[in-house]
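Asker: Below you'll find upload_34.txt; it's compact mmCIF, C-alpha atoms and all ligand atoms.
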# COMPACT_ATOMS: atom_id res chain seq x y z
CA MET G 1 -38.62 20.88 -48.38
CA SER G 2 -41.35 18.52 -49.62
CA ARG G 3 -44.16 17.71 -47.18
CA PRO G 4 -43.49 13.88 -47.11
CA PHE G 5 -39.78 14.47 -46.44
CA LYS G 6 -40.58 16.97 -43.69
CA ASN G 7 -42.96 14.46 -42.09
CA ARG G 8 -40.30 11.74 -42.18
CA CYS G 9 -37.81 14.07 -40.42
CA THR G 10 -40.31 14.95 -37.74
CA LEU G 11 -41.07 11.27 -37.16
CA SER G 12 -37.36 10.41 -36.90
CA ILE G 13 -36.75 13.14 -34.28
CA ALA G 14 -39.75 11.95 -32.27
CA VAL G 15 -38.51 8.35 -32.32
CA ALA G 16 -35.04 9.48 -31.24
CA PHE G 17 -36.47 11.40 -28.29
CA CYS G 18 -38.57 8.40 -27.28
CA LEU G 19 -35.57 6.07 -27.37
CA ALA G 20 -33.46 8.51 -25.34
CA GLY G 21 -36.26 8.87 -22.79
CA THR G 22 -36.61 5.10 -22.48
CA ALA G 23 -32.86 4.72 -22.00
CA TYR G 24 -32.92 7.39 -19.26
CA LEU G 25 -35.81 5.72 -17.46
CA THR G 26 -34.23 2.26 -17.58
CA ALA G 27 -30.63 3.39 -16.71
CA LYS G 28 -29.38 2.59 -13.25
CA GLU G 29 -27.30 5.04 -11.26
CA TYR G 30 -23.78 3.85 -10.46
CA LEU G 31 -23.17 3.59 -6.72
CA SER G 32 -19.70 2.80 -5.37
CA GLY G 33 -21.07 1.17 -2.22
CA LYS G 34 -18.64 3.22 -0.13
CA VAL G 35 -20.14 5.13 2.79
CA TRP G 36 -18.16 8.33 2.96
CA PRO G 37 -17.98 10.53 6.05
CA GLU G 38 -18.84 14.16 5.40
CA PRO G 39 -15.69 16.22 4.64
CA LYS G 40 -14.97 18.73 7.40
CA LEU G 41 -15.75 22.37 6.80
CA VAL G 42 -12.71 24.60 6.38
CA THR G 43 -12.97 28.33 5.86
CA PRO G 44 -10.43 29.64 3.35
CA GLY G 45 -8.30 32.57 4.49
CA GLU G 46 -8.88 35.98 2.98
CA ASN G 47 -6.06 38.03 1.46
CA GLY G 48 -3.34 35.49 2.22
CA ALA G 49 -4.54 34.61 5.74
CA PRO G 50 -4.30 30.94 6.79
CA PRO G 51 -7.33 28.65 6.39
CA SER G 52 -9.34 27.98 9.55
CA ASP G 53 -7.80 24.59 10.29
CA ALA G 54 -4.15 25.62 9.86
CA VAL G 55 -1.55 25.49 12.61
CA VAL G 56 0.04 28.93 12.45
CA LEU G 57 3.80 28.64 12.90
CA PHE G 58 4.66 32.31 12.42
CA ASP G 59 2.31 35.27 12.11
CA GLY G 60 4.90 38.02 12.35
CA THR G 61 4.62 38.62 16.07
CA ASP G 62 6.87 36.06 17.77
CA LEU G 63 8.90 32.90 17.29
CA SER G 64 7.34 30.96 20.16
CA LYS G 65 6.60 27.97 17.89
CA TRP G 66 10.29 27.65 16.98
CA THR G 67 13.56 26.74 18.61
CA GLY G 68 17.24 27.12 17.73
CA GLY G 69 19.02 29.87 15.85
CA SER G 70 19.11 33.50 16.87
CA TRP G 71 16.82 34.85 14.20
CA LYS G 72 15.70 38.46 14.39
CA LEU G 73 12.22 39.90 14.20
CA GLU G 74 12.04 42.90 11.89
CA ASP G 75 8.88 44.54 10.54
CA GLY G 76 6.79 41.40 10.98
CA ALA G 77 9.39 39.13 9.40
CA ALA G 78 11.79 36.57 10.83
CA VAL G 79 15.26 37.21 9.47
CA ALA G 80 17.66 34.27 9.12
CA HIS G 81 20.54 34.69 11.55
CA GLY G 82 22.83 32.49 13.60
CA GLY G 83 21.68 28.90 13.08
CA ASP G 84 18.73 26.92 11.79
CA LEU G 85 15.23 27.45 13.12
CA HIS G 86 13.26 24.30 14.02
CA THR G 87 9.58 23.89 14.79
CA LYS G 88 8.89 22.71 18.33
CA GLU G 89 6.02 20.56 17.10
CA SER G 90 6.31 17.58 14.76
CA PHE G 91 4.07 17.11 11.72
CA GLY G 92 3.28 14.26 9.38
CA PRO G 93 3.15 11.95 7.71
CA ASN G 94 1.39 14.16 5.14
CA TYR G 95 0.93 17.91 5.25
CA GLN G 96 0.46 21.15 3.37
CA LEU G 97 2.98 23.84 4.28
CA HIS G 98 2.77 27.51 3.35
CA VAL G 99 5.88 29.68 3.61
CA GLU G 100 6.54 33.22 2.40
CA TRP G 101 10.03 34.60 2.04
CA ALA G 102 11.94 37.49 0.51
CA GLU G 103 15.52 37.57 -0.67
CA PRO G 104 17.77 40.38 0.62
CA VAL G 105 17.24 43.65 -1.24
CA LYS G 106 20.98 44.27 -1.26
CA VAL G 107 22.33 41.68 -3.68
CA THR G 108 25.65 40.19 -2.59
CA GLY G 109 27.48 37.01 -3.53
CA SER G 110 26.74 34.67 -6.39
CA SER G 111 25.59 31.13 -7.11
CA GLN G 112 24.95 29.30 -3.81
CA GLY G 113 26.23 32.32 -1.87
CA ARG G 114 23.31 34.57 -2.84
CA GLY G 115 20.20 34.51 -0.67
CA ASN G 116 20.60 30.89 0.40
CA SER G 117 18.21 29.34 2.89
CA GLY G 118 15.94 26.32 2.68
CA VAL G 119 12.83 24.58 3.92
CA PHE G 120 13.77 21.20 5.37
CA LEU G 121 10.83 18.78 5.41
CA ALA G 122 11.09 16.17 8.16
CA GLU G 123 14.47 17.79 8.94
CA LYS G 124 16.06 15.89 6.02
CA TYR G 125 14.65 16.95 2.65
CA GLU G 126 15.52 20.47 1.51
CA VAL G 127 13.37 22.54 -0.80
CA GLN G 128 16.02 25.07 -1.73
CA VAL G 129 15.52 28.76 -1.09
CA LEU G 130 17.95 30.83 -3.15
CA ASP G 131 18.05 34.12 -5.02
CA SER G 132 17.80 32.54 -8.46
CA TYR G 133 16.77 35.80 -10.15
CA ASP G 134 19.56 36.29 -12.67
CA ASN G 135 21.93 34.18 -10.61
CA PRO G 136 23.19 31.04 -12.39
CA THR G 137 24.09 28.01 -10.32
CA TYR G 138 23.83 24.24 -10.75
CA PHE G 139 20.24 23.46 -11.71
CA ASP G 140 19.52 20.91 -8.99
CA GLY G 141 20.66 23.49 -6.45
CA GLN G 142 18.72 26.53 -7.67
CA CYS G 143 15.65 27.94 -5.96
CA GLY G 144 12.86 25.37 -5.83
CA ALA G 145 15.13 22.35 -6.31
CA ILE G 146 14.92 19.31 -4.13
CA TYR G 147 18.53 19.88 -3.30
CA LYS G 148 20.93 17.80 -5.43
CA GLN G 149 18.00 15.62 -6.57
CA SER G 150 15.54 17.43 -8.77
CA PRO G 151 15.65 20.90 -10.38
CA PRO G 152 12.43 22.91 -10.41
CA LEU G 153 10.29 22.48 -13.54
CA VAL G 154 10.68 26.21 -14.19
CA ASN G 155 12.39 29.20 -12.59
CA ALA G 156 9.50 31.14 -11.02
CA CYS G 157 11.59 33.53 -8.92
CA ARG G 158 10.68 37.12 -8.25
CA LYS G 159 13.24 39.91 -7.89
CA PRO G 160 15.26 40.29 -4.68
CA GLY G 161 13.23 42.08 -2.01
CA GLU G 162 9.85 40.93 -3.35
CA TRP G 163 7.78 38.54 -1.26
CA GLN G 164 7.45 35.03 -2.67
CA THR G 165 5.41 32.00 -1.66
CA TYR G 166 5.96 28.30 -1.35
CA ASP G 167 2.96 26.00 -1.07
CA ILE G 168 4.33 22.55 -0.39
CA VAL G 169 2.52 19.22 -0.19
CA PHE G 170 4.73 16.68 1.55
CA GLU G 171 4.20 12.94 1.84
CA SER G 172 6.68 11.51 4.27
CA PRO G 173 8.53 8.32 3.44
CA LEU G 174 7.44 5.46 5.67
CA PHE G 175 9.66 2.85 7.30
CA ASP G 176 8.69 -0.44 8.89
CA GLU G 177 9.72 -1.72 12.31
CA GLN G 178 12.98 -3.04 10.85
CA LYS G 179 13.66 0.52 9.62
CA LYS G 180 13.26 -0.62 6.03
CA LEU G 181 11.76 1.85 3.56
CA VAL G 182 8.22 0.74 2.65
CA LYS G 183 7.11 3.89 0.82
CA PRO G 184 9.27 6.69 -0.62
CA GLY G 185 8.51 10.32 0.11
CA TYR G 186 6.96 12.70 -2.41
CA VAL G 187 6.80 16.45 -2.65
CA THR G 188 4.78 18.90 -4.70
CA VAL G 189 5.78 22.57 -4.65
CA LEU G 190 4.07 25.67 -6.00
CA GLN G 191 6.23 28.78 -6.05
CA ASN G 192 4.28 32.00 -6.46
CA ASN G 193 1.29 29.80 -7.48
CA ILE G 194 3.31 28.04 -10.21
CA VAL G 195 3.93 24.29 -10.00
CA ILE G 196 7.68 23.71 -9.85
CA GLN G 197 7.74 20.19 -8.33
CA ASN G 198 4.97 17.81 -9.37
CA HIS G 199 4.72 14.89 -6.95
CA THR G 200 8.47 14.45 -7.17
CA GLU G 201 9.83 11.30 -5.58
CA ILE G 202 12.32 11.99 -2.82
CA LEU G 203 15.44 9.85 -3.13
CA GLY G 204 16.71 10.31 0.40
CA SER G 205 18.22 12.96 2.63
CA THR G 206 19.62 15.97 0.80
CA HIS G 207 23.31 16.66 1.33
CA TRP G 208 25.89 18.90 -0.28
CA ASP G 209 28.66 16.34 0.08
CA ALA G 210 26.93 12.96 -0.21
CA PRO G 211 24.47 11.21 -2.53
CA PRO G 212 20.87 10.94 -1.37
CA ALA G 213 20.15 8.02 0.93
CA TYR G 214 17.24 7.34 3.20
CA GLU G 215 17.83 7.50 6.94
CA PRO G 216 14.87 6.04 8.88
CA HIS G 217 12.81 8.52 10.86
CA PRO G 218 9.32 8.69 12.39
CA PRO G 219 6.39 9.70 10.15
CA LYS G 220 6.00 12.82 12.28
CA GLU G 221 9.02 15.08 12.27
CA THR G 222 9.87 18.71 12.85
CA ILE G 223 10.48 21.20 10.02
CA HIS G 224 13.41 23.55 9.84
CA LEU G 225 14.38 26.73 8.06
CA GLN G 226 18.03 26.93 7.10
CA PHE G 227 20.51 29.64 8.01
CA HIS G 228 23.16 29.70 5.28
CA GLY G 229 24.78 33.02 6.07
CA ASN G 230 22.29 35.21 4.21
CA PRO G 231 19.61 37.39 5.86
CA VAL G 232 16.60 35.85 4.06
CA ARG G 233 13.28 37.05 5.54
CA PHE G 234 10.28 34.83 6.28
CA ARG G 235 6.66 35.53 7.17
CA ASN G 236 3.17 33.95 7.21
CA ILE G 237 4.11 30.31 7.84
CA TRP G 238 1.40 27.74 8.47
CA VAL G 239 0.84 24.01 8.13
CA ARG G 240 -2.16 21.70 7.72
CA GLU G 241 -1.84 17.99 8.36
CA LEU G 242 -3.65 15.97 5.68
CA THR G 243 -5.82 13.22 7.08
CA PRO G 244 -6.98 10.61 4.56
CA ILE G 245 -10.74 10.41 4.15
CA VAL G 246 -11.72 6.74 4.54
CA PRO G 247 -15.11 5.12 3.84
CA LYS G 248 -16.94 4.13 7.02
CA ASN G 249 -17.43 0.64 5.60
CA ALA G 250 -13.89 0.12 4.32
CA PRO G 251 -12.48 -3.38 4.88
CA GLU G 252 -10.32 -3.50 7.98
CA THR G 253 -7.18 -4.36 6.04
CA SER G 254 -7.33 -1.09 4.08
CA ALA G 255 -9.30 1.04 6.51
CA ALA G 256 -6.39 3.17 7.60
CA PRO G 257 -2.84 3.95 6.52
CA PRO G 258 0.10 3.22 8.84
CA GLN G 259 -0.30 5.31 11.96
CA PRO G 260 2.53 7.70 12.80
CA GLU G 261 4.55 7.15 15.91
CA SER G 262 4.94 10.12 18.20
CA LYS G 263 8.40 11.62 18.17
MG MG I 301 19.83 26.06 1.10
Represent the supplied structure as structure tokens.
Answerer:
Amino acid sequence: MSRPFKNRCTLSIAVAFCLAGTAYLTAKEYLSGKVWPEPKLVTPGENGAPPSDAVVLFDGTDLSKWTGGSWKLEDGAAVAHGGDLHTKESFGPNYQLHVEWAEPVKVTGSSQGRGNSGVFLAEKYEVQVLDSYDNPTYFDGQCGAIYKQSPPLVNACRKPGEWQTYDIVFESPLFDEQKKLVKPGYVTVLQNNIVIQNHTEILGSTHWDAPPAYEPHPPKETIHLQFHGNPVRFRNIWVRELTPIVPKNAPETSAAPPQPESK
């Protein structure tokens, strides 16, 4: 490289650095103007344990947080038997729900008759639980479906007898004082850490013998686990209500979402 050319390159680099430095010094930081409260501290659970702010619904020892059904306790699991199991407490309008379940080791039945149970959000919207490992059925009724509304994105089922997880984020539909729907419900589901429902819009209550239709209900509702004649086992069930984080200086009209009524 000739000396004059080398000098010109050096000068160009120096000028570029100077311009960049000037731009940095004269740039102004973007500030949203929103005064955020500090997010609360939550300690994650270790080895599958619930996070520190979770409401534990079943830890393997008793069913004191539930009512209905005549489910059995076996080896730290609640076994579906004799009716649906309902939480005593109501939750909503938005929450994160963790459920673990295992299909019966002894495979019997087929299609909807094999390992059928379900997680009913707000008592009305079923996330299907089914042994869909090598068990064809209608797609919007297989494991992970929003029953008769939306098949799972993929079939992420483990073999019968193996423990599986659901991590569900539920946004309840909201109704006004005239019982008119003002916001549909949404659900996101991860099965065994795989997204199978991605903010799926709920179309109404899930029925076997009727199309989906919304039936007004409070923003806080109980949750139930379905008994469908199969001894599906459940364990490690917990829920976290999701409270919106709102700027301290938010305008009054948008400072808070509709407040849930107590059931
Ligand atoms: Mg079911």
Asker: Compute the set of protein, DNA and RNA residues whose minimum atom distance to ligand MG 301 (chain I) is at most 9 Å, using all atoms listed in the file, and state it as a PyMOL selection string.
Answerer: chain G and resi 112+115-120+126-130+141-143+147+225-228
Asker: At what distance in Å, to one decimal, does atom CA of G:Lys220 lie from atom CA of G:Val246?
Answerer: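 Going from atom CA of G:Val246 over to atom CA of G:Lys220 covers 20.3 Å.
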Asker: Have a look at atom CA of G:Asp62 and atom CA of G:Asp167 and let me know their distance in Å, one decimal.
Answerer: 21.7 Å
Asker: Counting all atoms listed in the file, which residue out of G:Lys159, G:Lys72, G:His86, G:Lys106 sits closest to G:Glu123?
Answerer: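 Using all atoms listed in the file, the shortest distance to G:Glu123 belongs to G:His86.
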Asker: Taking all atoms listed in the file into account, which of G:Lys180, G:Lys248, G:His217, G:His98 comes nearest G:Pro37?
Answerer: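 Closest candidate: G:Lys248.
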Asker: What does the distance between atom CA of G:Val154 and atom CA of G:Thr188 come to in Å, to one decimal place?
Answerer: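 Atom-to-atom, atom CA of G:Val154 and atom CA of G:Thr188 are spaced 13.4 Å apart.
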